Amino acid sequence: ARDARVRSIEPVRGGERAPGNDVLDARAIVGTDAFYNIGSTGAGWTLGLLDTGVRETHTLLSGPDRVGLFRDCAHGDSFCLDVGNAGYDPSDNCSHGTSSASIMVGNSNLGATYRGMTNGEVDSFDVYDNCFLDSAAVLNGFDRALFWGDKVIVAEIQSSQSHTGSIADAADDAFDAGSLVIAANGNNGPASGTVNSPASAHNAIAIGAYDVVSRADYANQSRGPTPDGRIKPDVRFPNNTETGTATSNTSTGVFTGTSGATPYGGGTALILVDESQNLGWSTDPGRIYSMLI
């Protein structure tokens with residue numbers, strides 16, 4: 001080291017992990033593990049998930065169980081309960097909701113690489129009929145999520161309704177009732193004014209996306225402004241991460257689009273709610289929104 005010809009001394013292996021597209025990599029970017037590791041894990045809280053249902057037997061969602069309510073709002077009654085409709089099936093037949101749930105609340109059965117962001121539970125409300133959005137089911141889903149006290153409602157929905165339509169109104173009502181609404185901005189970009197509902201709602205946080213490895217902006221994400229001039233998305237999170245899928249009880253796959261980023265918004269929101277409660281701070285949704293932004 002004292003030799004004047006030596007310019008630097010460096011280890012051959014510095015211990016840095018190769019860039020990857022696992023949930024672990026996205027958690028590192030977002031930074032929620034710092035809160036998780038000091039006890040703000042989201043345990044005891046529930047997230048309402050309006051999506052395609054979940055495969056509740058997936059190893060990331062069972063043993064320990066991460067699914068609370070398991071309802072089909074598209075084929076059930078107004079409470080999303082089974083009333084004998086032959087089509088009633090709250091499981092994930094579109095391989096979408098399982099990925100959302102796994103990112104937010106997945107356990108460690110597949111190791112830390114695939115562990116979700118929180119130790120909370122998901123109340124799953126299937127709002128799709130054969131993988132097509134059912135607007136009446138969405139309204140029932142919002143209603144049930146509020147009834148059961150879901151502090152964070154994650155809307156994996158890209159409705160063509162306006163920012164004053166019934167779905168956006170339901171999102172605003174949920175906010176007024178004390179719940180955070182985290183919604184996918186949509187994949188109809190890159191043209192301006194393409195943001196979907198309920199991301200376009202006045203009181204929803206709209207989630208955009210960037211690639212977890214390259215950090216490049218997701219080109220096809222829907223854009224603002226809303227018809228009344230508001231900026232959308234509100235925040236962006238990583239997408240294209242590998243997580244659980246509905247194909248089998250152990251299957252994984254890459255979750256793309258703004259749908260793949262939205263669960264990171266939901267998980268982060270729940271972590272901030274838990275941290276705020278631990279510190280004796282308000283968990284008012286407007287306050288948590290400002291923290292997210």
# chains A, B, ... in the order shown; residues from 1 in each chain; ligands from 1

call {"tool": "residues_around", "arguments": {"residues": "region 23-40 of chain A", "least_positions_apart": "6", "cutoff": "6 Å", "atoms": "only C-alpha atoms", "output": "compact mmCIF listing (two decimals) with N, CA and C atoms, in the first residue's frame"}}
result
# COMPACT_ATOMS: atom_id res chain seq x y z
N THR A 113 -36.25 -13.91 -1.43
CA THR A 113 -36.32 -13.37 -2.79
C THR A 113 -37.75 -13.06 -3.20
N TYR A 114 -38.69 -13.90 -2.78
CA TYR A 114 -40.08 -13.75 -3.19
C TYR A 114 -40.99 -13.24 -2.07
N THR A 241 -41.38 -7.55 -12.09
CA THR A 241 -40.73 -8.40 -11.09
C THR A 241 -41.34 -9.79 -11.11
N ASP A 274 -48.74 1.42 9.14
CA ASP A 274 -48.27 0.70 10.33
C ASP A 274 -47.22 1.52 11.08
N GLU A 275 -46.27 2.09 10.35
CA GLU A 275 -45.23 2.91 10.97
C GLU A 275 -45.83 4.13 11.66

call {"tool": "residues_around", "arguments": {"residues": "Tyr218 (chain A)", "least_positions_apart": "6", "cutoff": "9 Å", "atoms": "only C-alpha atoms", "output": "tab-separated table (two decimals) with all heavy atoms, in the first residue's frame"}}
result
chain	number	residue	atom	x	y	z
A	208	GLY	N	-47.98	4.70	-11.61
A	208	GLY	CA	-47.27	4.47	-12.85
A	208	GLY	C	-46.13	3.49	-12.62
A	208	GLY	O	-45.95	2.98	-11.50
A	209	ALA	N	-45.33	3.21	-13.65
A	209	ALA	CA	-44.36	2.12	-13.55
A	209	ALA	C	-43.04	2.46	-14.23
A	209	ALA	O	-42.99	3.23	-15.19
A	209	ALA	CB	-44.95	0.85	-14.16
A	210	TYR	N	-41.99	1.84	-13.72
A	210	TYR	CA	-40.67	1.84	-14.37
A	210	TYR	C	-40.05	0.46	-14.16
A	210	TYR	O	-40.37	-0.23	-13.19
A	210	TYR	CB	-39.76	2.94	-13.84
A	210	TYR	CG	-39.48	2.88	-12.35
A	210	TYR	CD1	-38.42	2.14	-11.84
A	210	TYR	CD2	-40.28	3.58	-11.44
A	210	TYR	CE1	-38.17	2.09	-10.48
A	210	TYR	CE2	-40.04	3.53	-10.09
A	210	TYR	CZ	-38.97	2.78	-9.60
A	210	TYR	OH	-38.73	2.72	-8.26
A	211	ASP	N	-39.17	0.06	-15.07
A	211	ASP	CA	-38.61	-1.28	-15.02
A	211	ASP	C	-37.69	-1.46	-13.83
A	211	ASP	O	-36.84	-0.60	-13.54
A	211	ASP	CB	-37.83	-1.57	-16.31
A	211	ASP	CG	-37.28	-2.98	-16.34
A	211	ASP	OD1	-38.07	-3.91	-16.57
A	211	ASP	OD2	-36.06	-3.14	-16.11
A	239	ASN	N	-41.92	-2.28	-11.87
A	239	ASN	CA	-42.72	-3.38	-12.39
A	239	ASN	C	-41.78	-4.44	-12.98
A	239	ASN	O	-40.57	-4.39	-12.78
A	239	ASN	CB	-43.75	-2.91	-13.43
A	239	ASN	CG	-43.13	-2.46	-14.74
A	239	ASN	OD1	-41.91	-2.33	-14.88
A	239	ASN	ND2	-43.96	-2.21	-15.74
A	257	GLY	N	-46.67	-4.31	-16.77
A	257	GLY	CA	-47.59	-3.20	-16.86
A	257	GLY	C	-47.68	-2.39	-15.58
A	257	GLY	O	-46.93	-2.58	-14.62
A	258	THR	N	-48.64	-1.46	-15.55
A	258	THR	CA	-48.85	-0.72	-14.30
A	258	THR	C	-49.46	-1.63	-13.24
A	258	THR	O	-49.34	-1.35	-12.05
A	258	THR	CB	-49.74	0.51	-14.53
A	258	THR	OG1	-50.99	0.11	-15.11
A	258	THR	CG2	-49.07	1.52	-15.43

call {"tool": "residues_around", "arguments": {"residues": "region 128-131 of chain A", "least_positions_apart": "3", "cutoff": "7 Å", "atoms": "only C-alpha atoms", "output": "list in words"}}
result
Asp51, Thr52, Ala74, Cys94 and Asp134 of chain A

call {"tool": "write_last_selection", "arguments": {"atoms": "N, CA, C and O atoms", "output": "short mmCIF file (atom, residue, chain, number, x, y, z; two decimals), in the first residue's frame"}}
result
data_model
loop_
_atom_site.label_atom_id
_atom_site.label_comp_id
_atom_site.auth_asym_id
_atom_site.auth_seq_id
_atom_site.Cartn_x
_atom_site.Cartn_y
_atom_site.Cartn_z
N ASP A 51 -59.55 -7.34 -7.85
CA ASP A 51 -58.72 -7.92 -8.91
C ASP A 51 -59.44 -9.13 -9.48
O ASP A 51 -60.67 -9.22 -9.41
N THR A 52 -58.69 -10.10 -9.99
CA THR A 52 -59.27 -11.28 -10.63
C THR A 52 -59.43 -12.45 -9.67
O THR A 52 -59.61 -13.59 -10.11
N ALA A 74 -68.43 -10.71 -8.83
CA ALA A 74 -69.02 -10.73 -10.17
C ALA A 74 -70.14 -11.76 -10.27
O ALA A 74 -71.05 -11.60 -11.10
N CYS A 94 -57.49 -15.88 -14.10
CA CYS A 94 -56.85 -15.01 -15.09
C CYS A 94 -55.37 -14.78 -14.77
O CYS A 94 -54.70 -14.01 -15.47
N ASP A 134 -66.29 -6.13 -14.43
CA ASP A 134 -67.71 -5.99 -14.16
C ASP A 134 -67.87 -4.77 -13.24
O ASP A 134 -67.49 -4.82 -12.07
#

call {"tool": "closest_atom_pairs", "arguments": {"of": "region 74-145 of chain A", "to": "region 187-204 of chain A", "cutoff": "12 Å", "atoms": "only C-alpha atoms", "output": "CSV"}}
result
residue,atom,partner,partner_atom,distance
A:Leu133,CA,A:Ser197,CA,11.8
A:Ser135,CA,A:Ser197,CA,10.8
A:Val138,CA,A:Pro198,CA,10.2
A:Leu139,CA,A:Pro198,CA,11.1
A:Phe142,CA,A:Pro198,CA,11.2

call {"tool": "select_by_dssp", "arguments": {"residues": "region 72-255 of chain A", "states": "strand (DSSP E)", "output": "PyMOL selection string"}}
result
chain A and resi 72+121-126+128-129+132-133+152-155+180-184+205-211+235-239+241-244+252-255

call {"tool": "select_by_dssp", "arguments": {"residues": "region 75-282 of chain A", "states": "alpha helix (DSSP H)", "output": "ChimeraX atom specification"}}
result
/A:97-105,135-147,166-176,257-278

call {"tool": "write_last_selection", "arguments": {"atoms": "C-alpha atoms", "output": "mmCIF file, in the first residue's frame"}}
result
data_model
loop_
_atom_site.group_PDB
_atom_site.id
_atom_site.type_symbol
_atom_site.label_atom_id
_atom_site.label_comp_id
_atom_site.auth_asym_id
_atom_site.auth_seq_id
_atom_site.Cartn_x
_atom_site.Cartn_y
_atom_site.Cartn_z
ATOM 1 C CA GLY A 97 -54.682 -11.225 -8.618
ATOM 2 C CA THR A 98 -52.382 -13.932 -7.248
ATOM 3 C CA SER A 99 -49.400 -11.879 -8.379
ATOM 4 C CA SER A 100 -50.799 -8.707 -6.814
ATOM 5 C CA ALA A 101 -51.379 -10.463 -3.501
ATOM 6 C CA SER A 102 -47.998 -12.208 -3.524
ATOM 7 C CA ILE A 103 -46.130 -8.909 -3.903
ATOM 8 C CA MET A 104 -48.042 -7.249 -1.083
ATOM 9 C CA VAL A 105 -48.365 -10.003 1.521
ATOM 10 C CA SER A 135 -68.468 -2.433 -12.985
ATOM 11 C CA ALA A 136 -71.286 -3.536 -10.668
ATOM 12 C CA ALA A 137 -68.886 -6.013 -9.053
ATOM 13 C CA VAL A 138 -66.374 -3.204 -8.527
ATOM 14 C CA LEU A 139 -68.931 -1.154 -6.611
ATOM 15 C CA ASN A 140 -69.814 -4.159 -4.448
ATOM 16 C CA GLY A 141 -66.107 -4.815 -3.913
ATOM 17 C CA PHE A 142 -65.482 -1.284 -2.673
ATOM 18 C CA ASP A 143 -68.516 -1.579 -0.395
ATOM 19 C CA ARG A 144 -67.368 -4.872 1.128
ATOM 20 C CA ALA A 145 -63.766 -3.710 1.564
ATOM 21 C CA LEU A 146 -65.036 -0.729 3.537
ATOM 22 C CA PHE A 147 -67.472 -2.848 5.538
ATOM 23 C CA SER A 166 -69.543 5.512 -10.496
ATOM 24 C CA ILE A 167 -66.206 3.711 -10.005
ATOM 25 C CA ALA A 168 -64.301 6.954 -9.371
ATOM 26 C CA ASP A 169 -67.102 8.050 -7.038
ATOM 27 C CA ALA A 170 -66.755 4.782 -5.116
ATOM 28 C CA ALA A 171 -63.016 5.397 -4.745
ATOM 29 C CA ASP A 172 -63.648 8.929 -3.464
ATOM 30 C CA ASP A 173 -66.249 7.618 -1.027
ATOM 31 C CA ALA A 174 -63.763 5.039 0.273
ATOM 32 C CA PHE A 175 -61.253 7.820 0.929
ATOM 33 C CA ASP A 176 -63.904 9.826 2.779
ATOM 34 C CA GLY A 257 -47.591 -3.195 -16.859
ATOM 35 C CA THR A 258 -48.848 -0.722 -14.304
ATOM 36 C CA SER A 259 -50.569 -3.717 -12.711
ATOM 37 C CA GLY A 260 -47.108 -4.996 -11.793
ATOM 38 C CA ALA A 261 -46.251 -1.704 -10.081
ATOM 39 C CA THR A 262 -49.525 -1.107 -8.240
ATOM 40 C CA PRO A 263 -48.993 -3.747 -5.510
ATOM 41 C CA TYR A 264 -45.769 -1.983 -4.539
ATOM 42 C CA GLY A 265 -47.827 1.155 -4.007
ATOM 43 C CA GLY A 266 -50.311 -0.791 -1.898
ATOM 44 C CA GLY A 267 -47.622 -2.497 0.169
ATOM 45 C CA THR A 268 -45.784 0.782 0.746
ATOM 46 C CA ALA A 269 -48.999 2.481 1.826
ATOM 47 C CA LEU A 270 -49.673 -0.247 4.394
ATOM 48 C CA ILE A 271 -46.104 -0.059 5.733
ATOM 49 C CA LEU A 272 -46.493 3.715 6.187
ATOM 50 C CA VAL A 273 -49.846 3.211 7.931
ATOM 51 C CA ASP A 274 -48.269 0.703 10.326
ATOM 52 C CA GLU A 275 -45.229 2.911 10.970
ATOM 53 C CA SER A 276 -47.440 5.926 11.621
ATOM 54 C CA GLN A 277 -49.552 4.013 14.118
ATOM 55 C CA ASN A 278 -46.432 2.724 15.878
#

call {"tool": "closest_residue", "arguments": {"among": "A:Asn185, A:Ser214, A:Thr118, A:Thr226", "to": "Ser162 (chain A)", "atoms": "only C-alpha atoms"}}
result
A:Thr226

call {"tool": "residues_around", "arguments": {"residues": "Asp77 (chain A)", "least_positions_apart": "5", "cutoff": "10 Å", "atoms": "only C-alpha atoms", "output": "list in words"}}
result
Asp72, Asp82, Val83, Gly84, Asn85, Tyr88, Ala137 and Asn140 of chain A

call {"tool": "residues_around", "arguments": {"residues": "Leu69 (chain A)", "least_positions_apart": "3", "cutoff": "8 Å", "atoms": "only C-alpha atoms", "output": "MDAnalysis selection string"}}
result
chainID A and resid 122:125

call {"tool": "atom_distance", "arguments": {"atom1": "CA of Ser248 (chain A)", "atom2": "CA of Phe132 (chain A)"}}
result
22.0 Å

call {"tool": "closest_residue", "arguments": {"among": "A:Thr252, A:Ser222, A:Val67, A:Ala184", "to": "Phe237 (chain A)", "atoms": "only C-alpha atoms"}}
result
A:Ala184

call {"tool": "decode", "arguments": {"residues": "region 94-108 of chain A", "atoms": "N, CA and C atoms", "output": "PDB file, in the first residue's frame"}}
result
ATOM      1  N   CYS A  94     -57.487 -15.884 -14.096  1.00  0.00           N
ATOM      2  CA  CYS A  94     -56.846 -15.008 -15.094  1.00  0.00           C
ATOM      3  C   CYS A  94     -55.374 -14.775 -14.766  1.00  0.00           C
ATOM      4  N   SER A  95     -54.884 -15.395 -13.712  1.00  0.00           N
ATOM      5  CA  SER A  95     -53.483 -15.297 -13.274  1.00  0.00           C
ATOM      6  C   SER A  95     -53.025 -13.844 -13.197  1.00  0.00           C
ATOM      7  N   HIS A  96     -53.724 -13.102 -12.367  1.00  0.00           N
ATOM      8  CA  HIS A  96     -53.401 -11.691 -12.162  1.00  0.00           C
ATOM      9  C   HIS A  96     -53.422 -11.341 -10.674  1.00  0.00           C
ATOM     10  N   GLY A  97     -54.545 -11.582 -10.025  1.00  0.00           N
ATOM     11  CA  GLY A  97     -54.682 -11.225  -8.618  1.00  0.00           C
ATOM     12  C   GLY A  97     -53.707 -11.947  -7.708  1.00  0.00           C
ATOM     13  N   THR A  98     -53.354 -13.183  -8.060  1.00  0.00           N
ATOM     14  CA  THR A  98     -52.382 -13.932  -7.248  1.00  0.00           C
ATOM     15  C   THR A  98     -51.047 -13.204  -7.203  1.00  0.00           C
ATOM     16  N   SER A  99     -50.658 -12.627  -8.331  1.00  0.00           N
ATOM     17  CA  SER A  99     -49.400 -11.879  -8.379  1.00  0.00           C
ATOM     18  C   SER A  99     -49.488 -10.617  -7.533  1.00  0.00           C
ATOM     19  N   SER A 100     -50.609  -9.910  -7.626  1.00  0.00           N
ATOM     20  CA  SER A 100     -50.799  -8.707  -6.814  1.00  0.00           C
ATOM     21  C   SER A 100     -50.681  -9.040  -5.334  1.00  0.00           C
ATOM     22  N   ALA A 101     -51.389 -10.086  -4.909  1.00  0.00           N
ATOM     23  CA  ALA A 101     -51.379 -10.463  -3.501  1.00  0.00           C
ATOM     24  C   ALA A 101     -50.001 -10.920  -3.049  1.00  0.00           C
ATOM     25  N   SER A 102     -49.311 -11.678  -3.896  1.00  0.00           N
ATOM     26  CA  SER A 102     -47.998 -12.208  -3.524  1.00  0.00           C
ATOM     27  C   SER A 102     -46.997 -11.080  -3.274  1.00  0.00           C
ATOM     28  N   ILE A 103     -47.042 -10.038  -4.092  1.00  0.00           N
ATOM     29  CA  ILE A 103     -46.130  -8.909  -3.903  1.00  0.00           C
ATOM     30  C   ILE A 103     -46.430  -8.190  -2.589  1.00  0.00           C
ATOM     31  N   MET A 104     -47.686  -8.040  -2.260  1.00  0.00           N
ATOM     32  CA  MET A 104     -48.042  -7.249  -1.083  1.00  0.00           C
ATOM     33  C   MET A 104     -47.905  -8.009   0.225  1.00  0.00           C
ATOM     34  N   VAL A 105     -48.294  -9.296   0.240  1.00  0.00           N
ATOM     35  CA  VAL A 105     -48.365 -10.003   1.521  1.00  0.00           C
ATOM     36  C   VAL A 105     -47.738 -11.396   1.480  1.00  0.00           C
ATOM     37  N   GLY A 106     -47.050 -11.758   0.388  1.00  0.00           N
ATOM     38  CA  GLY A 106     -46.504 -13.109   0.274  1.00  0.00           C
ATOM     39  C   GLY A 106     -45.586 -13.480   1.429  1.00  0.00           C
ATOM     40  N   ASN A 107     -45.690 -14.736   1.895  1.00  0.00           N
ATOM     41  CA  ASN A 107     -44.831 -15.196   2.983  1.00  0.00           C
ATOM     42  C   ASN A 107     -43.458 -15.603   2.443  1.00  0.00           C
ATOM     43  N   SER A 108     -42.653 -16.223   3.297  1.00  0.00           N
ATOM     44  CA  SER A 108     -41.266 -16.536   2.930  1.00  0.00           C
ATOM     45  C   SER A 108     -41.057 -17.984   2.510  1.00  0.00           C
TER      46      SER A 108
END
